[in-house]
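*Asks:* Please find query.cif (mmCIF, C-alpha atoms) on the next line:
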```
data_my_file
loop_
_atom_site.label_atom_id
_atom_site.label_comp_id
_atom_site.auth_asym_id
_atom_site.auth_seq_id
_atom_site.Cartn_x
_atom_site.Cartn_y
_atom_site.Cartn_z
CA MET A 43 -11.56 82.84 45.26
CA ALA A 44 -13.41 79.65 46.23
CA GLN A 45 -11.90 77.81 43.23
CA ALA A 46 -8.39 78.93 44.18
CA GLN A 47 -8.93 77.72 47.72
CA HIS A 48 -10.17 74.35 46.38
CA ASN A 49 -7.07 73.98 44.17
CA SER A 50 -4.84 74.82 47.10
CA GLN A 51 -6.54 72.17 49.23
CA GLN A 52 -6.04 69.57 46.46
CA ILE A 53 -2.33 70.31 46.24
CA ASP A 54 -1.98 70.22 50.02
CA SER A 55 -3.75 66.85 50.11
CA LYS A 56 -1.48 65.37 47.44
CA SER A 57 1.56 66.81 49.22
CA GLN A 58 0.50 65.05 52.42
CA THR A 59 0.05 61.76 50.54
CA PHE A 60 3.46 62.09 48.94
CA ALA A 61 5.01 63.06 52.29
CA ALA A 62 3.70 59.79 53.75
CA HIS A 63 5.19 57.92 50.77
CA PHE A 64 8.52 59.70 51.30
CA ALA A 65 8.48 58.83 55.01
CA THR A 66 8.26 55.14 54.01
CA VAL A 67 10.85 54.94 51.22
CA GLY A 68 13.00 58.01 51.95
CA PRO A 69 15.21 56.51 54.69
CA LYS A 70 15.86 53.39 52.60
CA LEU A 71 16.88 55.44 49.58
CA ARG A 72 19.09 57.74 51.67
CA PHE A 73 20.84 54.75 53.21
CA ILE A 74 21.53 52.88 49.97
CA THR A 75 22.76 55.93 48.03
CA LEU A 76 25.19 56.79 50.83
CA ALA A 77 26.33 53.16 51.07
CA ALA A 78 27.06 53.12 47.31
CA ILE A 79 29.23 56.25 47.64
CA ILE A 80 31.25 54.73 50.49
CA VAL A 81 31.77 51.45 48.63
CA ALA A 82 32.83 53.24 45.42
CA MET A 83 35.32 55.46 47.28
CA THR A 84 36.87 52.46 49.02
CA LEU A 85 37.25 50.53 45.77
CA ILE A 86 38.77 53.52 43.97
CA VAL A 87 41.52 53.83 46.58
CA ILE A 88 42.53 50.17 46.63
CA LYS A 89 42.21 49.68 42.85
CA THR A 90 44.35 52.77 42.17
CA ILE A 91 47.13 51.36 44.35
CA ALA A 92 46.83 47.94 42.71
CA TRP A 93 46.79 49.37 39.17
CA ARG A 94 49.91 51.47 39.82
CA MET A 95 51.69 48.36 41.08
CA THR A 96 50.53 45.93 38.36
CA GLY A 97 50.13 48.13 35.26
CA SER A 98 47.18 45.94 34.20
CA VAL A 99 44.79 47.52 31.69
CA ALA A 100 42.07 45.10 32.82
CA LEU A 101 42.52 46.40 36.36
CA LEU A 102 42.52 49.94 34.95
CA GLY A 103 39.13 49.13 33.41
CA SER A 104 37.83 47.98 36.78
CA LEU A 105 39.25 51.16 38.37
CA LEU A 106 37.59 53.36 35.74
CA ASP A 107 34.35 51.56 36.37
CA SER A 108 34.63 52.30 40.09
CA VAL A 109 35.29 55.96 39.31
CA MET A 110 32.11 55.96 37.21
CA ASP A 111 30.30 54.21 40.05
CA PHE A 112 31.37 56.95 42.42
CA MET A 113 30.23 59.74 40.09
CA ILE A 114 26.93 58.00 39.45
CA SER A 115 26.36 57.32 43.14
CA VAL A 116 27.01 60.96 44.03
CA VAL A 117 24.51 62.05 41.37
CA ASN A 118 22.00 59.53 42.73
CA PHE A 119 22.55 60.79 46.27
CA PHE A 120 21.20 64.21 45.30
CA VAL A 121 18.81 63.25 42.51
CA VAL A 122 16.89 60.67 44.56
CA ARG A 123 16.25 63.31 47.22
CA HIS A 124 15.05 65.79 44.60
CA ALA A 125 12.85 63.16 42.95
CA LEU A 126 11.11 62.53 46.28
CA THR A 127 10.30 66.21 46.76
CA PRO A 128 6.51 66.61 47.03
CA ALA A 129 4.54 68.18 44.16
CA ASP A 130 4.49 71.97 44.08
CA TYR A 131 2.80 74.67 42.01
CA GLU A 132 5.36 74.41 39.18
CA HIS A 133 5.61 70.59 39.21
CA ARG A 134 2.18 69.22 40.06
CA PHE A 135 3.11 65.69 38.98
CA GLY A 136 6.09 65.74 41.34
CA HIS A 137 9.79 65.55 40.50
CA GLY A 138 10.14 61.83 39.78
CA LYS A 139 11.54 62.27 36.26
CA ALA A 140 14.71 63.74 37.77
CA GLU A 141 15.75 60.10 38.27
CA ALA A 142 15.35 59.32 34.57
CA LEU A 143 17.38 62.40 33.60
CA ALA A 144 20.12 61.27 35.98
CA ALA A 145 20.04 57.79 34.46
CA LEU A 146 20.63 59.28 31.00
CA ALA A 147 23.65 61.12 32.39
CA GLN A 148 24.87 57.86 33.94
CA GLY A 149 24.65 56.14 30.58
CA ALA A 150 26.64 58.90 28.88
CA ILE A 151 29.37 58.71 31.55
CA ILE A 152 29.61 54.93 31.20
CA ILE A 153 29.96 55.23 27.40
CA LEU A 154 32.86 57.68 27.76
CA SER A 155 34.67 55.39 30.19
CA ALA A 156 34.18 52.43 27.82
CA LEU A 157 35.66 54.37 24.89
CA PHE A 158 38.70 55.33 26.99
CA LEU A 159 39.21 51.70 27.98
CA ILE A 160 39.02 50.60 24.34
CA LYS A 161 41.75 53.12 23.52
CA GLU A 162 44.02 51.82 26.31
CA SER A 163 43.42 48.19 25.33
CA ILE A 164 44.33 48.84 21.69
CA ALA A 165 47.52 50.56 22.84
CA LEU A 166 48.52 47.38 24.70
CA PHE A 167 47.93 45.29 21.57
CA ILE A 168 50.43 47.53 19.78
CA ALA A 169 52.97 47.49 22.65
CA PRO A 170 52.16 44.49 24.88
CA GLN A 171 53.47 44.37 28.46
CA LEU A 172 53.49 41.71 31.14
CA VAL A 173 51.58 42.42 34.33
CA THR A 174 53.62 42.61 37.55
CA HIS A 175 52.59 42.06 41.21
CA GLY A 176 49.67 39.98 40.00
CA LEU A 177 48.84 38.54 43.42
CA ILE A 178 48.10 42.03 44.75
CA GLY A 179 45.79 42.74 41.83
CA ILE A 180 43.98 39.43 42.28
CA SER A 181 43.51 40.03 46.02
CA VAL A 182 42.12 43.54 45.43
CA ILE A 183 39.64 42.32 42.82
CA ALA A 184 38.53 39.44 45.06
CA PHE A 185 37.82 41.96 47.84
CA SER A 186 35.93 44.13 45.34
CA ILE A 187 33.72 41.19 44.37
CA LEU A 188 32.83 40.48 47.99
CA VAL A 189 31.93 44.10 48.79
CA THR A 190 29.99 44.52 45.54
CA LEU A 191 27.95 41.37 46.21
CA VAL A 192 26.73 42.81 49.51
CA LEU A 193 25.90 46.18 47.92
CA VAL A 194 24.02 44.65 44.95
CA TYR A 195 21.93 42.51 47.29
CA ALA A 196 20.94 45.58 49.33
CA GLN A 197 20.26 47.67 46.21
CA LYS A 198 18.01 45.02 44.62
CA ARG A 199 15.93 44.73 47.78
CA ILE A 200 15.48 48.49 48.12
CA ALA A 201 14.84 49.03 44.38
CA LYS A 202 12.10 46.38 44.54
CA ILE A 203 10.49 48.06 47.55
CA THR A 204 10.71 51.65 46.26
CA GLY A 205 10.55 51.22 42.46
CA SER A 206 13.45 53.69 42.10
CA ILE A 207 14.93 53.68 38.58
CA ALA A 208 18.10 55.40 39.82
CA ILE A 209 18.80 52.67 42.38
CA SER A 210 17.82 49.99 39.87
CA ALA A 211 20.25 51.45 37.30
CA ASP A 212 23.02 51.63 39.89
CA SER A 213 22.36 48.03 40.93
CA MET A 214 22.43 46.89 37.29
CA HIS A 215 25.80 48.54 36.84
CA TYR A 216 27.28 47.03 40.00
CA LYS A 217 25.95 43.62 38.99
CA GLY A 218 27.84 43.98 35.72
CA ASP A 219 30.93 44.75 37.82
CA LEU A 220 30.76 41.29 39.38
CA TYR A 221 31.19 39.53 36.03
CA MET A 222 33.74 42.12 34.97
CA ASN A 223 35.86 41.58 38.08
CA LEU A 224 35.79 37.80 37.63
CA GLY A 225 37.14 38.38 34.13
CA VAL A 226 39.85 40.70 35.49
CA ILE A 227 41.02 37.98 37.88
CA PHE A 228 41.10 35.51 34.97
CA ALA A 229 43.14 37.93 32.83
CA LEU A 230 45.58 38.61 35.67
CA VAL A 231 46.11 34.88 36.23
CA LEU A 232 46.76 34.31 32.51
CA SER A 233 49.07 37.32 32.24
CA VAL A 234 51.10 36.69 35.40
CA TYR A 235 51.18 32.91 35.63
CA GLY A 236 50.50 31.93 32.03
CA GLY A 237 52.73 34.49 30.31
CA MET A 238 49.93 35.49 27.92
CA ARG A 239 50.57 39.16 27.15
CA PHE A 240 47.38 39.65 25.17
CA ALA A 241 45.05 38.29 27.86
CA ASP A 242 45.05 41.66 29.64
CA PRO A 243 44.06 43.89 26.67
CA ILE A 244 41.55 41.29 25.41
CA LEU A 245 39.79 41.38 28.77
CA GLY A 246 39.97 45.18 28.64
CA LEU A 247 37.95 45.13 25.41
CA ILE A 248 35.44 42.66 26.92
CA VAL A 249 35.01 44.95 29.93
CA ALA A 250 34.43 47.89 27.59
CA GLY A 251 31.74 45.88 25.81
CA LEU A 252 30.00 45.15 29.12
CA LEU A 253 30.10 48.83 29.99
CA LEU A 254 28.51 49.77 26.68
CA TYR A 255 25.77 47.15 27.15
CA ASN A 256 25.00 48.44 30.65
CA ALA A 257 24.84 51.99 29.30
CA TYR A 258 22.33 50.88 26.66
CA ARG A 259 20.05 49.21 29.22
CA ILE A 260 20.18 52.16 31.61
CA MET A 261 19.46 54.74 28.89
CA LEU A 262 16.63 52.61 27.44
CA GLU A 263 14.85 52.43 30.81
CA ALA A 264 15.37 56.17 31.36
CA SER A 265 13.99 57.04 27.92
CA ASN A 266 10.94 54.84 28.58
CA GLN A 267 10.12 56.91 31.65
CA LEU A 268 10.74 60.23 29.93
CA MET A 269 8.53 59.15 27.01
CA ASP A 270 5.75 58.05 29.42
CA ARG A 271 5.84 54.40 28.40
CA GLU A 272 2.92 52.38 29.75
CA LEU A 273 3.35 50.16 32.79
CA PRO A 274 4.04 46.44 32.05
CA ASP A 275 1.10 44.47 30.65
CA HIS A 276 0.65 42.39 33.79
CA GLU A 277 0.24 45.55 35.88
CA ARG A 278 -2.24 47.04 33.42
CA GLU A 279 -4.26 43.82 33.47
CA LYS A 280 -4.26 43.87 37.26
CA ILE A 281 -5.56 47.46 37.25
CA LYS A 282 -8.32 46.52 34.78
CA ALA A 283 -9.35 43.54 36.90
CA ILE A 284 -9.62 45.73 40.01
CA ILE A 285 -11.78 48.31 38.23
CA LEU A 286 -14.08 45.82 36.50
CA SER A 287 -14.55 43.82 39.70
CA HIS A 288 -16.72 46.62 41.11
CA PRO A 289 -20.33 45.44 40.65
CA GLN A 290 -21.58 48.81 39.38
CA VAL A 291 -18.90 49.36 36.75
CA ARG A 292 -20.33 48.59 33.28
CA GLY A 293 -17.14 49.12 31.34
CA LEU A 294 -13.69 50.68 31.21
CA HIS A 295 -11.77 52.62 28.57
CA ASP A 296 -8.87 55.01 28.00
CA LEU A 297 -6.65 53.46 30.69
CA ARG A 298 -3.39 55.40 30.70
CA THR A 299 -0.42 54.66 32.93
CA ARG A 300 3.12 55.90 33.36
CA HIS A 301 5.98 55.79 35.80
CA ALA A 302 8.16 58.64 37.15
CA GLY A 303 10.80 57.82 39.73
CA THR A 304 9.21 55.82 42.54
CA GLN A 305 5.66 56.89 41.65
CA LYS A 306 3.11 55.46 39.22
CA PHE A 307 0.35 57.51 37.59
CA ILE A 308 -2.90 55.77 36.63
CA GLN A 309 -5.91 57.36 34.94
CA CYS A 310 -8.97 55.94 33.20
CA HIS A 311 -12.64 56.37 32.29
CA VAL A 312 -15.18 54.07 33.96
CA GLU A 313 -18.59 53.50 32.41
CA LEU A 314 -21.54 53.64 34.83
CA ASP A 315 -25.31 53.50 34.66
CA ARG A 316 -26.35 56.81 33.08
CA HIS A 317 -29.22 57.25 35.54
CA ILE A 318 -27.30 57.18 38.84
CA ALA A 319 -26.75 60.36 40.85
CA LEU A 320 -23.47 62.25 40.51
CA ILE A 321 -22.72 61.77 44.20
CA HIS A 322 -23.16 58.00 43.76
CA ALA A 323 -20.81 57.98 40.76
CA HIS A 324 -18.31 59.88 42.87
CA ASP A 325 -18.52 57.30 45.66
CA ILE A 326 -17.95 54.47 43.17
CA SER A 327 -14.84 56.19 41.85
CA ASP A 328 -13.51 56.71 45.36
CA ALA A 329 -14.00 53.03 46.15
CA ILE A 330 -12.17 51.96 42.97
CA GLU A 331 -9.37 54.44 43.62
CA ALA A 332 -8.89 53.07 47.14
CA ARG A 333 -8.61 49.50 45.83
CA ILE A 334 -6.08 50.49 43.15
CA MET A 335 -3.97 52.37 45.69
CA GLU A 336 -4.11 49.34 47.98
CA ALA A 337 -2.59 47.24 45.19
CA PHE A 338 -0.22 50.02 44.06
CA PRO A 339 0.55 52.10 47.20
CA GLU A 340 2.99 54.39 45.40
CA SER A 341 0.44 55.44 42.73
CA GLU A 342 -1.62 58.51 41.98
CA VAL A 343 -5.03 57.62 40.52
CA LEU A 344 -7.40 59.77 38.47
CA ILE A 345 -10.83 58.37 37.44
CA HIS A 346 -13.35 59.99 35.11
CA GLN A 347 -16.97 58.77 35.13
CA ASP A 348 -18.85 58.28 31.84
CA PRO A 349 -22.48 57.22 31.27
CA GLU A 350 -22.52 53.80 29.65
CA GLY A 351 -22.87 53.91 25.85
CA TYR A 352 -22.62 57.69 25.68
CA GLU A 353 -19.25 57.86 23.88
CA GLU A 354 -17.94 56.05 20.84
CA ILE A 355 -14.84 54.23 22.07
CA THR A 356 -11.86 53.70 19.76
CA LYS A 357 -9.85 50.47 19.58
CA LEU A 358 -6.88 52.16 21.25
CA GLU A 359 -9.03 53.39 24.13
CA ARG A 360 -10.41 49.88 24.67
CA SER A 361 -6.93 48.33 24.82
#
```
Here is the file; what I need is its structure written in the form of structure tokens.
*Replies:*
Amino acid sequence: MAQAQHNSQQIDSKSQTFAAHFATVGPKLRFITLAAIIVAMTLIVIKTIAWRMTGSVALLGSLLDSVMDFMISVVNFFVVRHALTPADYEHRFGHGKAEALAALAQGAIIILSALFLIKESIALFIAPQLVTHGLIGISVIAFSILVTLVLVYAQKRIAKITGSIAISADSMHYKGDLYMNLGVIFALVLSVYGGMRFADPILGLIVAGLLLYNAYRIMLEASNQLMDRELPDHEREKIKAIILSHPQVRGLHDLRTRHAGTQKFIQCHVELDRHIALIHAHDISDAIEARIMEAFPESEVLIHQDPEGYEEITKLERS
């Protein structure tokens, strides 16, 4: 009974910590996911009108990309909220990996849109057509670039603050849109004013290639989180420096780190004088934990105390 009560108190304490974290980053994530949906919806409407008027496959590619943006942003809208849900009895590490699962879905959607665009571009090579109403298409894409620039700037700032992989993936995709849309304008100019019929489908294939590259990067980052890849080397070195800076720490081993959503998980073994009292060892661990969480506010830290020289440490554990 006493043990069950202790476990319940631990979960309640972690829930309160996570609730404080959510109170800090939650509003920012809610704002940026909603903003992305609004931007994507606006671009879908104006690009659909422009595509119907111009018949440009390059513009169709940009439209398809906006449709994918909308679908991805809607998924993010719900997934980010689920990922920030505090830990519960079934998910004691929280729900952060929901973001990585969503990112995998994003990558799959982007791949499908790229394959469709390749198909349409090849069809135009077989039966080339001149683009009409080019000025309308150019104006729409120029507006898209301006709106996307503002959104990417906001997304990058919030992704840096929160560490959200879903927002980072969305920002990466929108950033690719900027280069894509510049290419669309170039293709429209060549098609309309230069009479180059193949400029439009060629750009369509280039856009498809950019989509596939973005899908690869998004899915790679998502798989790294799902496979519990270690934090970057510079962050691990910073953690080690913090731990070893404590005057009573004799050594450190078995440092393990991972990232899930906006939260980092850090655990390690610290080597202490074998003759100190357990309560003293506990106080040392608490002090180290506080310093790590000061440097990494979004982290959960677990420290195990070992008597110095008691265990045989492997090369991997020392790394």
*Asks:* Could you give me, as a list in words, the residues within 8 Å of Ile334 (chain A), counting only C-alpha atoms and dropping anything in the same chain fewer than 4 positions from it?
*Replies:*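 The residues satisfying every condition are Ile281, Ile284, Ile285, Ile330, Phe338, Pro339 and Val343 of chain A.
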*Asks:* Given all atoms listed in the file as the basis, pick out the residue of A:Ile227, A:Leu154, A:Thr75, A:Tyr131 nearest to Val109 (chain A).
*Replies:*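 Comparing A:Ile227, A:Leu154, A:Thr75, A:Tyr131 against Val109 (chain A), the winner is A:Leu154.
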*Asks:* Using only C-alpha atoms, which protein or nucleic acid residues come within 12 Å of Ser327 (chain A)? Drop anything in the same chain fewer than 4 positions from it, and give the result as a count of residues only.
*Replies:* 26
*Asks:* Near Ile164 (chain A), within 8 Å and counting only C-alpha atoms, which residues show up once chain neighbours fewer than 4 positions away are dropped, as number ranges by chain?
*Replies:* A: 160, 168, 243
*Asks:* With C-alpha atoms retained, export the selected residues as a PDB file, in the frame of the given file.
*Replies:*
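That gives us part-v9.pdb:
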```pdb
ATOM      1  CA  ILE A 160      39.020  50.600  24.340  1.00  0.00           C
ATOM      2  CA  ILE A 168      50.430  47.530  19.780  1.00  0.00           C
ATOM      3  CA  PRO A 243      44.060  43.890  26.670  1.00  0.00           C
TER       4      PRO A 243
END
```
*Asks:* Using the chain letters and numbers from this file, what does the PyMOL selection byres ((chain A and resi 217-225) around 10) select? Give the answer as an NGL selection string.
*Replies:* :A and (100-101 or 103-104 or 107-108 or 111 or 180 or 182-191 or 193-195 or 198 or 211-216 or 226-231 or 242 or 245-246 or 248-250 or 252-253 or 255-256)
